[in-house]
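The structure file upload20.cif is reproduced below (mmCIF, C-alpha atoms).
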data_work
#
loop_
_atom_site.label_atom_id
_atom_site.label_comp_id
_atom_site.auth_asym_id
_atom_site.auth_seq_id
_atom_site.Cartn_x
_atom_site.Cartn_y
_atom_site.Cartn_z
CA MET A 127 0.00 0.00 0.00
CA LYS A 128 1.37 3.37 -1.02
CA SER A 129 0.30 5.05 2.19
CA PHE A 130 -0.07 2.46 4.90
CA ILE A 131 -0.03 5.10 7.62
CA LYS A 132 -2.89 6.86 5.87
CA ILE A 133 -4.89 3.67 5.80
CA LEU A 134 -4.24 3.01 9.49
CA LEU A 135 -5.44 6.49 10.36
CA GLY A 136 -8.43 5.98 8.11
CA ILE A 137 -9.26 2.70 9.83
CA SER A 138 -9.29 4.42 13.18
CA LEU A 139 -11.54 7.15 11.85
CA VAL A 140 -13.93 4.79 10.13
CA THR A 141 -14.29 2.83 13.37
CA LEU A 142 -15.48 6.01 15.04
CA LEU A 143 -17.79 6.87 12.17
CA VAL A 144 -19.34 3.43 12.04
CA GLY A 145 -19.70 3.29 15.80
CA CYS A 146 -21.72 6.52 15.75
CA GLY A 147 -24.06 5.36 13.01
CA THR A 148 -26.71 2.71 12.56
CA SER A 149 -26.44 -0.21 10.20
CA ASN A 150 -28.54 0.02 7.04
CA SER A 151 -29.34 -3.66 7.50
CA GLU A 152 -31.19 -2.80 10.71
CA GLU A 153 -33.25 0.12 9.45
CA GLY A 154 -34.78 1.29 6.20
CA SER A 155 -35.52 -2.20 4.89
CA GLY A 156 -38.02 -0.70 2.49
CA ASP A 157 -35.41 1.54 0.89
CA LYS A 158 -33.45 0.77 -2.25
CA LEU A 159 -30.39 -1.46 -2.02
CA LYS A 160 -27.35 0.65 -1.22
CA VAL A 161 -24.45 -0.34 -3.50
CA VAL A 162 -20.92 1.07 -3.37
CA THR A 163 -18.55 0.34 -6.27
CA SER A 164 -14.81 0.86 -6.51
CA PHE A 165 -14.40 2.43 -9.96
CA TYR A 166 -16.25 3.08 -13.21
CA PRO A 167 -16.70 -0.36 -14.88
CA MET A 168 -18.02 -1.83 -11.63
CA TYR A 169 -20.41 1.11 -11.32
CA ASP A 170 -21.69 0.75 -14.88
CA PHE A 171 -22.14 -3.02 -14.64
CA ALA A 172 -24.05 -2.69 -11.36
CA LYS A 173 -26.19 0.09 -12.81
CA GLU A 174 -27.14 -2.04 -15.81
CA ILE A 175 -28.08 -5.01 -13.62
CA THR A 176 -30.07 -3.22 -10.94
CA ALA A 177 -32.13 -0.83 -13.10
CA ASP A 178 -34.05 1.30 -10.56
CA LYS A 179 -33.76 -1.12 -7.65
CA ALA A 180 -30.57 0.27 -6.13
CA ASP A 181 -28.77 3.46 -5.24
CA ILE A 182 -25.29 3.06 -6.70
CA SER A 183 -22.24 5.16 -5.94
CA VAL A 184 -18.61 4.98 -7.02
CA LEU A 185 -15.59 5.67 -4.82
CA THR A 186 -13.12 6.76 -7.50
CA ALA A 187 -14.17 10.20 -8.68
CA SER A 188 -14.59 11.06 -12.34
CA GLY A 189 -11.22 11.64 -13.98
CA VAL A 190 -9.24 10.10 -11.12
CA GLU A 191 -6.74 7.36 -12.04
CA PRO A 192 -7.84 4.18 -10.14
CA HIS A 193 -4.23 2.97 -9.91
CA ASP A 194 -3.52 5.99 -7.71
CA TYR A 195 -6.70 5.95 -5.63
CA GLU A 196 -6.57 5.38 -1.88
CA PRO A 197 -9.73 5.34 0.27
CA THR A 198 -10.37 8.04 2.83
CA ALA A 199 -12.00 7.47 6.20
CA LYS A 200 -15.24 8.74 4.65
CA ASP A 201 -14.94 6.20 1.83
CA MET A 202 -14.44 3.35 4.28
CA ALA A 203 -17.45 4.46 6.30
CA LYS A 204 -19.42 4.47 3.07
CA ILE A 205 -18.44 0.85 2.40
CA GLN A 206 -19.39 -0.17 5.94
CA ASP A 207 -22.78 1.51 5.58
CA ALA A 208 -23.55 -0.18 2.24
CA ASP A 209 -25.60 -3.29 1.60
CA VAL A 210 -23.24 -4.31 -1.20
CA PHE A 211 -19.64 -3.43 -2.07
CA ILE A 212 -18.39 -4.32 -5.57
CA TYR A 213 -14.78 -4.25 -6.73
CA ASN A 214 -12.86 -5.73 -9.64
CA SER A 215 -10.01 -7.63 -8.00
CA ASN A 216 -7.42 -7.56 -5.26
CA ASP A 217 -4.85 -6.99 -8.01
CA MET A 218 -6.52 -3.79 -9.23
CA GLU A 219 -7.87 -2.34 -5.99
CA THR A 220 -4.86 -3.30 -3.87
CA TRP A 221 -6.31 -1.40 -0.90
CA VAL A 222 -9.39 -3.61 -0.56
CA LYS A 223 -7.89 -6.32 1.67
CA ASP A 224 -6.83 -3.77 4.27
CA VAL A 225 -10.19 -2.03 4.22
CA LEU A 226 -12.22 -5.24 4.48
CA SER A 227 -10.11 -6.42 7.39
CA SER A 228 -11.07 -3.26 9.27
CA ILE A 229 -14.86 -3.34 8.85
CA ASP A 230 -17.69 -5.69 9.77
CA THR A 231 -18.18 -7.59 6.50
CA SER A 232 -21.02 -9.64 8.02
CA LYS A 233 -23.20 -6.59 7.34
CA VAL A 234 -21.97 -5.99 3.77
CA THR A 235 -22.19 -8.32 0.78
CA VAL A 236 -18.73 -8.10 -0.81
CA ILE A 237 -18.46 -8.96 -4.52
CA GLU A 238 -15.12 -9.50 -6.26
CA ALA A 239 -16.26 -9.25 -9.87
CA SER A 240 -13.28 -11.09 -11.37
CA LYS A 241 -13.59 -14.09 -9.05
CA GLY A 242 -13.06 -17.33 -10.99
CA ILE A 243 -11.32 -15.59 -13.91
CA GLU A 244 -7.75 -16.73 -14.54
CA LEU A 245 -5.66 -13.57 -14.56
CA MET A 246 -2.75 -13.08 -16.92
CA SER A 247 0.66 -12.06 -15.70
CA GLY A 248 1.69 -8.50 -16.33
CA GLU A 249 5.08 -6.88 -16.52
CA ARG A 250 6.38 -5.36 -13.35
CA GLU A 251 7.06 -1.71 -14.04
CA GLU A 252 10.71 -2.03 -13.12
CA ASP A 253 11.25 -5.02 -15.40
CA HIS A 254 9.48 -4.11 -18.64
CA ASP A 255 11.91 -4.18 -21.56
CA HIS A 256 9.55 -3.92 -24.52
CA GLU A 257 10.22 -7.37 -25.93
CA VAL A 258 6.66 -6.95 -27.14
CA ASP A 259 5.67 -9.95 -29.23
CA ASP A 260 4.79 -12.04 -26.18
CA ASP A 261 3.49 -9.28 -23.87
CA HIS A 262 -0.10 -10.48 -24.04
CA ASN A 263 0.46 -14.23 -24.11
CA HIS A 264 1.79 -14.94 -20.63
CA GLU A 265 -0.31 -17.27 -18.55
CA GLY A 266 -1.37 -16.28 -15.05
CA GLU A 267 1.27 -16.57 -12.39
CA GLU A 268 1.20 -16.01 -8.70
CA GLY A 269 1.44 -12.33 -7.99
CA HIS A 270 -1.15 -10.98 -5.62
CA ASP A 271 1.14 -8.15 -4.65
CA HIS A 272 0.87 -4.43 -5.05
CA SER A 273 3.13 -4.04 -8.10
CA HIS A 274 0.54 -5.33 -10.58
CA ALA A 275 2.53 -8.43 -11.48
CA VAL A 276 -0.92 -9.73 -12.40
CA ASP A 277 -2.89 -7.85 -15.04
CA PRO A 278 -6.29 -6.78 -13.64
CA HIS A 279 -7.85 -5.27 -16.80
CA VAL A 280 -10.28 -8.12 -17.48
CA TRP A 281 -13.27 -5.83 -18.11
CA LEU A 282 -11.81 -4.78 -21.49
CA ASP A 283 -12.53 -8.26 -22.88
CA PRO A 284 -16.30 -8.39 -23.58
CA VAL A 285 -16.38 -12.13 -22.90
CA LEU A 286 -14.72 -11.74 -19.49
CA ALA A 287 -16.92 -8.72 -18.82
CA LYS A 288 -19.88 -11.10 -19.12
CA LYS A 289 -18.37 -13.27 -16.38
CA GLU A 290 -17.90 -10.23 -14.18
CA VAL A 291 -21.49 -9.19 -14.76
CA ASP A 292 -22.67 -12.65 -13.81
CA ASN A 293 -20.63 -12.56 -10.59
CA ILE A 294 -22.12 -9.19 -9.73
CA LYS A 295 -25.63 -10.43 -10.43
CA GLU A 296 -25.20 -13.43 -8.14
CA GLY A 297 -23.91 -11.21 -5.34
CA LEU A 298 -26.79 -8.78 -5.75
CA ILE A 299 -29.30 -11.63 -5.58
CA LYS A 300 -27.62 -12.86 -2.39
CA ALA A 301 -28.08 -9.42 -0.87
CA ASP A 302 -31.56 -8.80 -2.27
CA GLU A 303 -33.41 -12.02 -3.12
CA SER A 304 -36.70 -10.14 -3.47
CA ASN A 305 -35.49 -8.56 -6.73
CA ARG A 306 -33.98 -11.71 -8.22
CA ASP A 307 -36.24 -11.59 -11.29
CA VAL A 308 -35.24 -8.00 -12.06
CA TYR A 309 -31.53 -8.70 -11.71
CA GLU A 310 -31.69 -11.82 -13.85
CA LYS A 311 -33.70 -10.10 -16.59
CA GLN A 312 -31.45 -7.02 -16.62
CA THR A 313 -28.36 -9.21 -16.71
CA GLN A 314 -29.67 -11.13 -19.70
CA VAL A 315 -30.36 -7.90 -21.61
CA PHE A 316 -26.92 -6.50 -20.81
CA GLN A 317 -25.10 -9.71 -21.67
CA GLU A 318 -26.83 -9.72 -25.06
CA GLN A 319 -25.28 -6.30 -25.63
CA LEU A 320 -21.89 -7.71 -24.62
CA ASP A 321 -22.39 -10.60 -27.06
CA LYS A 322 -23.01 -8.10 -29.87
CA LEU A 323 -19.93 -6.16 -28.81
CA ASN A 324 -17.84 -9.34 -28.88
CA GLU A 325 -19.21 -10.17 -32.32
CA ALA A 326 -18.33 -6.69 -33.61
CA PHE A 327 -14.73 -6.97 -32.38
CA GLY A 328 -14.47 -10.47 -33.81
CA ASP A 329 -15.78 -9.43 -37.23
CA ALA A 330 -13.41 -6.46 -37.37
CA THR A 331 -10.29 -8.43 -36.45
CA LYS A 332 -10.65 -11.98 -37.75
CA ASN A 333 -9.45 -11.30 -41.31
CA ALA A 334 -7.03 -8.48 -40.49
CA LYS A 335 -3.54 -8.81 -41.90
CA GLU A 336 -2.06 -6.17 -39.59
CA LYS A 337 -2.75 -7.12 -35.99
CA LYS A 338 -0.27 -5.04 -33.98
CA PHE A 339 -1.19 -1.88 -32.13
CA VAL A 340 0.89 0.44 -29.93
CA THR A 341 -0.57 1.68 -26.64
CA GLN A 342 0.69 4.07 -23.99
CA HIS A 343 -0.63 1.91 -21.13
CA MET A 344 -0.55 -1.89 -21.05
CA ALA A 345 -4.28 -2.18 -20.40
CA PHE A 346 -5.47 -4.14 -23.43
CA SER A 347 -3.78 -7.52 -23.03
CA TYR A 348 -7.05 -9.40 -22.47
CA LEU A 349 -8.69 -7.75 -25.46
CA ALA A 350 -5.63 -8.47 -27.60
CA LYS A 351 -5.55 -12.12 -26.55
CA ARG A 352 -9.27 -12.56 -27.21
CA TYR A 353 -9.01 -11.39 -30.82
CA GLY A 354 -5.55 -12.63 -31.74
CA LEU A 355 -3.93 -9.22 -31.65
CA THR A 356 -0.52 -8.05 -30.41
CA GLN A 357 -0.39 -5.11 -28.03
CA ILE A 358 2.83 -3.11 -28.00
CA PRO A 359 2.83 -1.12 -24.74
CA ILE A 360 4.97 1.94 -24.24
CA SER A 361 4.46 1.88 -20.47
CA GLY A 362 3.70 -0.95 -18.09
CA LEU A 363 0.48 -1.64 -16.23
CA SER A 364 0.58 1.70 -14.46
CA PRO A 365 0.03 4.55 -16.95
CA GLU A 366 2.12 7.11 -15.07
CA ILE A 367 5.30 5.01 -15.37
CA GLU A 368 7.48 6.44 -18.12
CA PRO A 369 10.02 4.36 -20.05
CA THR A 370 13.70 5.23 -19.97
CA PRO A 371 15.36 6.99 -22.93
CA LYS A 372 16.80 3.61 -23.98
CA GLU A 373 13.34 2.05 -23.96
CA LEU A 374 11.92 4.99 -25.89
CA LYS A 375 14.53 4.42 -28.55
CA LYS A 376 13.49 0.77 -28.79
CA ILE A 377 9.88 1.80 -29.34
CA GLU A 378 10.84 4.37 -31.94
CA ASP A 379 12.88 1.77 -33.80
CA LEU A 380 10.05 -0.74 -33.54
CA VAL A 381 7.49 1.73 -34.91
CA LYS A 382 9.73 2.30 -37.92
CA GLU A 383 10.58 -1.38 -38.45
CA GLU A 384 6.96 -2.56 -38.16
CA ASN A 385 5.50 0.36 -40.12
CA ILE A 386 3.25 1.31 -37.22
CA ASN A 387 1.05 4.26 -38.26
CA VAL A 388 -0.90 4.96 -35.04
CA ILE A 389 -0.05 5.24 -31.35
CA TYR A 390 -2.89 5.06 -28.85
CA THR A 391 -2.92 7.25 -25.79
CA GLU A 392 -5.61 7.76 -23.13
CA SER A 393 -7.83 10.75 -22.50
CA SER A 394 -7.35 10.38 -18.73
CA ALA A 395 -3.58 9.94 -18.77
CA SER A 396 -0.71 12.16 -19.78
CA SER A 397 0.07 11.86 -23.48
CA LYS A 398 3.63 13.12 -22.97
CA VAL A 399 5.32 9.79 -23.78
CA ALA A 400 3.18 9.05 -26.81
CA GLU A 401 3.62 12.59 -28.13
CA THR A 402 7.39 12.22 -27.77
CA ILE A 403 7.31 9.14 -30.00
CA VAL A 404 4.89 10.79 -32.43
CA SER A 405 7.35 13.65 -32.74
CA ALA A 406 10.21 11.22 -33.36
CA THR A 407 8.38 8.96 -35.81
CA GLY A 408 5.64 11.04 -37.43
CA VAL A 409 2.87 8.51 -36.65
CA GLU A 410 -0.74 9.45 -35.88
CA LEU A 411 -2.04 9.82 -32.32
CA SER A 412 -5.41 8.25 -31.42
CA VAL A 413 -7.24 7.18 -28.24
CA LEU A 414 -8.06 3.83 -26.65
CA ASN A 415 -10.04 4.30 -23.46
CA PRO A 416 -9.37 1.66 -20.77
CA LEU A 417 -12.61 2.70 -19.06
CA GLU A 418 -10.93 3.03 -15.69
CA SER A 419 -12.76 6.33 -15.41
CA LEU A 420 -15.06 8.50 -17.50
CA SER A 421 -14.95 12.27 -17.50
CA LYS A 422 -17.90 14.25 -16.19
CA GLN A 423 -18.45 15.48 -19.73
CA ASP A 424 -18.60 11.94 -21.12
CA ILE A 425 -21.08 10.90 -18.44
CA ALA A 426 -23.19 14.02 -19.12
CA ASN A 427 -23.19 13.08 -22.80
CA GLY A 428 -24.63 9.66 -21.97
CA GLU A 429 -21.49 7.63 -22.62
CA ASN A 430 -21.16 4.24 -20.92
CA TYR A 431 -19.15 1.02 -21.07
CA ILE A 432 -20.82 -0.23 -24.26
CA SER A 433 -20.63 3.06 -26.19
CA VAL A 434 -16.98 3.66 -25.28
CA MET A 435 -16.00 0.11 -26.23
CA TYR A 436 -17.53 0.67 -29.68
CA GLN A 437 -15.51 3.90 -29.93
CA ASN A 438 -12.41 1.89 -29.01
CA LEU A 439 -13.21 -0.54 -31.81
CA GLU A 440 -13.50 2.24 -34.37
CA HIS A 441 -10.19 3.73 -33.25
CA LEU A 442 -8.54 0.31 -33.26
CA LYS A 443 -9.52 -0.11 -36.91
CA LEU A 444 -6.95 2.57 -37.73
CA SER A 445 -4.29 -0.04 -36.93
CA ILE A 446 -6.02 -3.38 -37.32
CA LYS A 447 -6.71 -3.79 -41.04
#

Output the file's structure in the form of structure tokens.
Amino acid sequence: MKSFIKILLGISLVTLLVGCGTSNSEEGSGDKLKVVTSFYPMYDFAKEITADKADISVLTASGVEPHDYEPTAKDMAKIQDADVFIYNSNDMETWVKDVLSSIDTSKVTVIEASKGIELMSGEREEDHDHEVDDDHNHEGEEGHDHSHAVDPHVWLDPVLAKKEVDNIKEGLIKADESNRDVYEKQTQVFQEQLDKLNEAFGDATKNAKEKKFVTQHMAFSYLAKRYGLTQIPISGLSPEIEPTPKELKKIEDLVKEENINVIYTESSASSKVAETIVSATGVELSVLNPLESLSKQDIANGENYISVMYQNLEHLKLSIK
């Protein structure tokens, strides 16, 4: 944990906050289910499943990088006061284990959305050397540490997103059996949308002759593996980690050797590294959104997981032909 002292202080504060409050499981049984989610994809999936049967909030604010997020005492009190807490994985939200050990989880249904999904290994930031051809093919290894040795970005594969949605549905039913029919119906509708999304990606990539794409952040390994693509990441699993000058030179040489014409950056992350390579190589700059967060403007415009994934597909077609 980046700030263990901060967490310890937060735990002390949340104990006081919880002790002064009343459990939502004791009162307000006629109210909507209270659901707290860790970051945007978990929020959107829960929203699609619950329709109007739950009040859903998200801990990571719009535009905040989830890799950098740490819960405050207020956030931890919010989790304790919820009926349901949904997060992606212990390898994405590395703070979750500490928080859950400090609250009374008998009063909160905790859902790890990626449970049962075999996670792929990811490069440790300090070890990545841009030997890129095999970056997305490594099988899962042990690595439940805080350096993201395991890649947590499963939600960017529509097929694995379906599994996450199913896990969330089952947890919601456990917490709120009375609305089982609603959750099952909503899940079916949403998973049909994910099936269509999977089909669209499959149709666009299956006959492509060029299957390599260069990204700023190594977030798309699951998507690449699903559709037989090769992701060439400039940075590792954490988007703020910048490569060394030597590594930059390797990428520049690779772009030239492989005739790469597009580099993908992220709207929520600094484009400094990608722009440096664009300047050196003359390639085009485009966007692939890892959906770790959506801007307030995007949300106001009605964007969601499905719409942004289709945008990603259109942008990916600039490289995958």

Between atom CA of A:Leu355 and atom CA of A:Lys338, what is the distance in Å, rounded to a tenth?
6.0 Å

Just how far from atom CA of A:Met344 is atom CA of A:Pro192, in Å to one decimal?
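Between atom CA of A:Pro192 and atom CA of A:Met344 the gap works out to 14.5 Å.
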
Name the residues that the PyMOL selection byres ((chain A and resi 180) around 9) picks from the file above, as a list in words, using the file's chain letters and numbers.
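Selection result, ordered by chain and number: Asp157, Lys158, Leu159, Lys160, Val161, Ala172, Lys173, Thr176, Ala177, Asp178, Lys179, Asp181 and Ile182 of chain A.
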
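Within the file as shown, the PyMOL selection byres ((chain A and resi 240) around 10) identifies A:Tyr213, A:Asn214, A:Ser215, A:Asn216, A:Asp217, A:Ile237, A:Glu238, A:Ala239, A:Lys241, A:Gly242, A:Ile243, A:Glu244, A:Leu245, A:Pro278, A:His279, A:Val280, A:Trp281, A:Leu286, A:Ala287, A:Lys289, A:Glu290, A:Val291, A:Asp292, A:Asn293, A:Ile294.
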
Evaluate the PyMOL selection byres ((chain A and resi 402) around 12) and report residues as a list in words
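Taken on the displayed file, the PyMOL selection byres ((chain A and resi 402) around 12) yields the residues Gln342, Ile360, Glu368, Pro369, Pro371, Leu374, Lys375, Ile377, Glu378, Ile389, Thr391, Ser396, Ser397, Lys398, Val399, Ala400, Glu401, Ile403, Val404, Ser405, Ala406, Thr407, Gly408, Val409, Glu410 and Leu411 of chain A.
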
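Counting from atom CA of A:Val315, the distance to atom CA of A:Ser164 is 23.4 Å.
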
Nearest to A:Gln437: which of A:Tyr169, A:Phe327, A:Tyr195, A:Tyr309 is it, counting only C-alpha atoms?
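Using only C-alpha atoms, A:Gln437 sits closest to A:Phe327.
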
Kindly indicate which residue among A:Ser188, A:Gln206, A:Thr331, A:Thr220 lies nearest to A:Leu417, using only C-alpha atoms for the distances.
A:Ser188

Neighbouring residues of A:Val184 were defined as those with any atom within 12 Å, considering only C-alpha atoms; residues of the same chain fewer than 5 positions away were excluded. Please report them as number ranges by chain.
A: 160-173, 190, 192, 197, 201, 204-205, 208, 210-213, 418-420

Nearest to A:Ala334: which of A:Val308, A:Ala187, A:Leu442, A:Leu298 is it, counting only C-alpha atoms?
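Once distances to A:Ala334 are computed over only C-alpha atoms, the minimum belongs to A:Leu442.
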
Which of A:Leu185, A:Met202, A:Gln314, A:Ser347 sits closest to A:Ser227 [using all atoms listed in the file]
A:Met202

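Restricting the calculation to only C-alpha atoms, the smallest distance between A:Leu349 and any of A:Lys223, A:Asp283, A:Thr198, A:Asn438 is found for A:Asp283.
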
Can you put N, CA and C atoms back into stretch 329-359 of chain A and show it as an mmCIF file, in the coordinates of the input?
data_model
loop_
_atom_site.group_PDB
_atom_site.id
_atom_site.type_symbol
_atom_site.label_atom_id
_atom_site.label_comp_id
_atom_site.auth_asym_id
_atom_site.auth_seq_id
_atom_site.Cartn_x
_atom_site.Cartn_y
_atom_site.Cartn_z
ATOM 1 N N ASP A 329 -15.615 -9.670 -35.791
ATOM 2 C CA ASP A 329 -15.780 -9.430 -37.230
ATOM 3 C C ASP A 329 -14.719 -8.465 -37.753
ATOM 4 N N ALA A 330 -14.358 -7.486 -36.934
ATOM 5 C CA ALA A 330 -13.410 -6.460 -37.370
ATOM 6 C C ALA A 330 -11.963 -6.947 -37.382
ATOM 7 N N THR A 331 -11.683 -8.012 -36.622
ATOM 8 C CA THR A 331 -10.290 -8.430 -36.450
ATOM 9 C C THR A 331 -9.945 -9.781 -37.077
ATOM 10 N N LYS A 332 -10.943 -10.600 -37.353
ATOM 11 C CA LYS A 332 -10.650 -11.980 -37.750
ATOM 12 C C LYS A 332 -9.882 -12.108 -39.068
ATOM 13 N N ASN A 333 -10.134 -11.210 -40.014
ATOM 14 C CA ASN A 333 -9.450 -11.300 -41.310
ATOM 15 C C ASN A 333 -8.369 -10.233 -41.482
ATOM 16 N N ALA A 334 -8.041 -9.555 -40.403
ATOM 17 C CA ALA A 334 -7.030 -8.480 -40.490
ATOM 18 C C ALA A 334 -5.654 -9.064 -40.760
ATOM 19 N N LYS A 335 -4.905 -8.397 -41.609
ATOM 20 C CA LYS A 335 -3.540 -8.810 -41.900
ATOM 21 C C LYS A 335 -2.553 -8.120 -40.955
ATOM 22 N N GLU A 336 -2.891 -6.902 -40.550
ATOM 23 C CA GLU A 336 -2.060 -6.170 -39.590
ATOM 24 C C GLU A 336 -2.746 -6.231 -38.234
ATOM 25 N N LYS A 337 -2.105 -6.892 -37.274
ATOM 26 C CA LYS A 337 -2.750 -7.120 -35.990
ATOM 27 C C LYS A 337 -1.966 -6.559 -34.799
ATOM 28 N N LYS A 338 -1.026 -5.661 -35.067
ATOM 29 C CA LYS A 338 -0.270 -5.040 -33.980
ATOM 30 C C LYS A 338 -0.779 -3.626 -33.732
ATOM 31 N N PHE A 339 -0.819 -3.247 -32.459
ATOM 32 C CA PHE A 339 -1.190 -1.880 -32.130
ATOM 33 C C PHE A 339 -0.361 -1.410 -30.932
ATOM 34 N N VAL A 340 0.003 -0.130 -30.942
ATOM 35 C CA VAL A 340 0.890 0.440 -29.930
ATOM 36 C C VAL A 340 0.059 1.275 -28.955
ATOM 37 N N THR A 341 0.173 0.963 -27.659
ATOM 38 C CA THR A 341 -0.570 1.680 -26.640
ATOM 39 C C THR A 341 0.373 2.353 -25.642
ATOM 40 N N GLN A 342 -0.098 3.408 -25.020
ATOM 41 C CA GLN A 342 0.690 4.070 -23.990
ATOM 42 C C GLN A 342 0.691 3.258 -22.701
ATOM 43 N N HIS A 343 -0.404 2.588 -22.408
ATOM 44 C CA HIS A 343 -0.630 1.910 -21.130
ATOM 45 C C HIS A 343 -0.973 0.457 -21.433
ATOM 46 N N MET A 344 -0.341 -0.471 -20.758
ATOM 47 C CA MET A 344 -0.550 -1.890 -21.050
ATOM 48 C C MET A 344 -1.859 -2.386 -20.429
ATOM 49 N N ALA A 345 -2.972 -1.856 -20.961
ATOM 50 C CA ALA A 345 -4.280 -2.180 -20.400
ATOM 51 C C ALA A 345 -5.073 -3.155 -21.259
ATOM 52 N N PHE A 346 -4.614 -3.432 -22.472
ATOM 53 C CA PHE A 346 -5.470 -4.140 -23.430
ATOM 54 C C PHE A 346 -4.995 -5.552 -23.744
ATOM 55 N N SER A 347 -4.301 -6.173 -22.794
ATOM 56 C CA SER A 347 -3.780 -7.520 -23.030
ATOM 57 C C SER A 347 -4.897 -8.552 -23.185
ATOM 58 N N TYR A 348 -5.949 -8.437 -22.380
ATOM 59 C CA TYR A 348 -7.050 -9.400 -22.470
ATOM 60 C C TYR A 348 -7.801 -9.246 -23.785
ATOM 61 N N LEU A 349 -8.029 -8.002 -24.187
ATOM 62 C CA LEU A 349 -8.690 -7.750 -25.460
ATOM 63 C C LEU A 349 -7.834 -8.275 -26.608
ATOM 64 N N ALA A 350 -6.532 -8.003 -26.543
ATOM 65 C CA ALA A 350 -5.630 -8.470 -27.600
ATOM 66 C C ALA A 350 -5.636 -9.993 -27.691
ATOM 67 N N LYS A 351 -5.563 -10.658 -26.559
ATOM 68 C CA LYS A 351 -5.550 -12.120 -26.550
ATOM 69 C C LYS A 351 -6.843 -12.686 -27.112
ATOM 70 N N ARG A 352 -7.970 -12.076 -26.752
ATOM 71 C CA ARG A 352 -9.270 -12.560 -27.210
ATOM 72 C C ARG A 352 -9.367 -12.568 -28.730
ATOM 73 N N TYR A 353 -8.814 -11.541 -29.375
ATOM 74 C CA TYR A 353 -9.010 -11.390 -30.820
ATOM 75 C C TYR A 353 -7.733 -11.627 -31.629
ATOM 76 N N GLY A 354 -6.754 -12.264 -31.009
ATOM 77 C CA GLY A 354 -5.550 -12.630 -31.740
ATOM 78 C C GLY A 354 -4.695 -11.459 -32.151
ATOM 79 N N LEU A 355 -4.689 -10.415 -31.349
ATOM 80 C CA LEU A 355 -3.930 -9.220 -31.650
ATOM 81 C C LEU A 355 -2.657 -9.160 -30.811
ATOM 82 N N THR A 356 -1.754 -8.262 -31.175
ATOM 83 C CA THR A 356 -0.520 -8.050 -30.410
ATOM 84 C C THR A 356 -0.477 -6.617 -29.931
ATOM 85 N N GLN A 357 -0.501 -6.438 -28.637
ATOM 86 C CA GLN A 357 -0.390 -5.110 -28.030
ATOM 87 C C GLN A 357 1.079 -4.780 -27.811
ATOM 88 N N ILE A 358 1.476 -3.591 -28.228
ATOM 89 C CA ILE A 358 2.830 -3.110 -28.000
ATOM 90 C C ILE A 358 2.739 -1.942 -27.016
ATOM 91 N N PRO A 359 2.994 -2.187 -25.721
ATOM 92 C CA PRO A 359 2.830 -1.120 -24.740
ATOM 93 C C PRO A 359 4.078 -0.263 -24.572
#
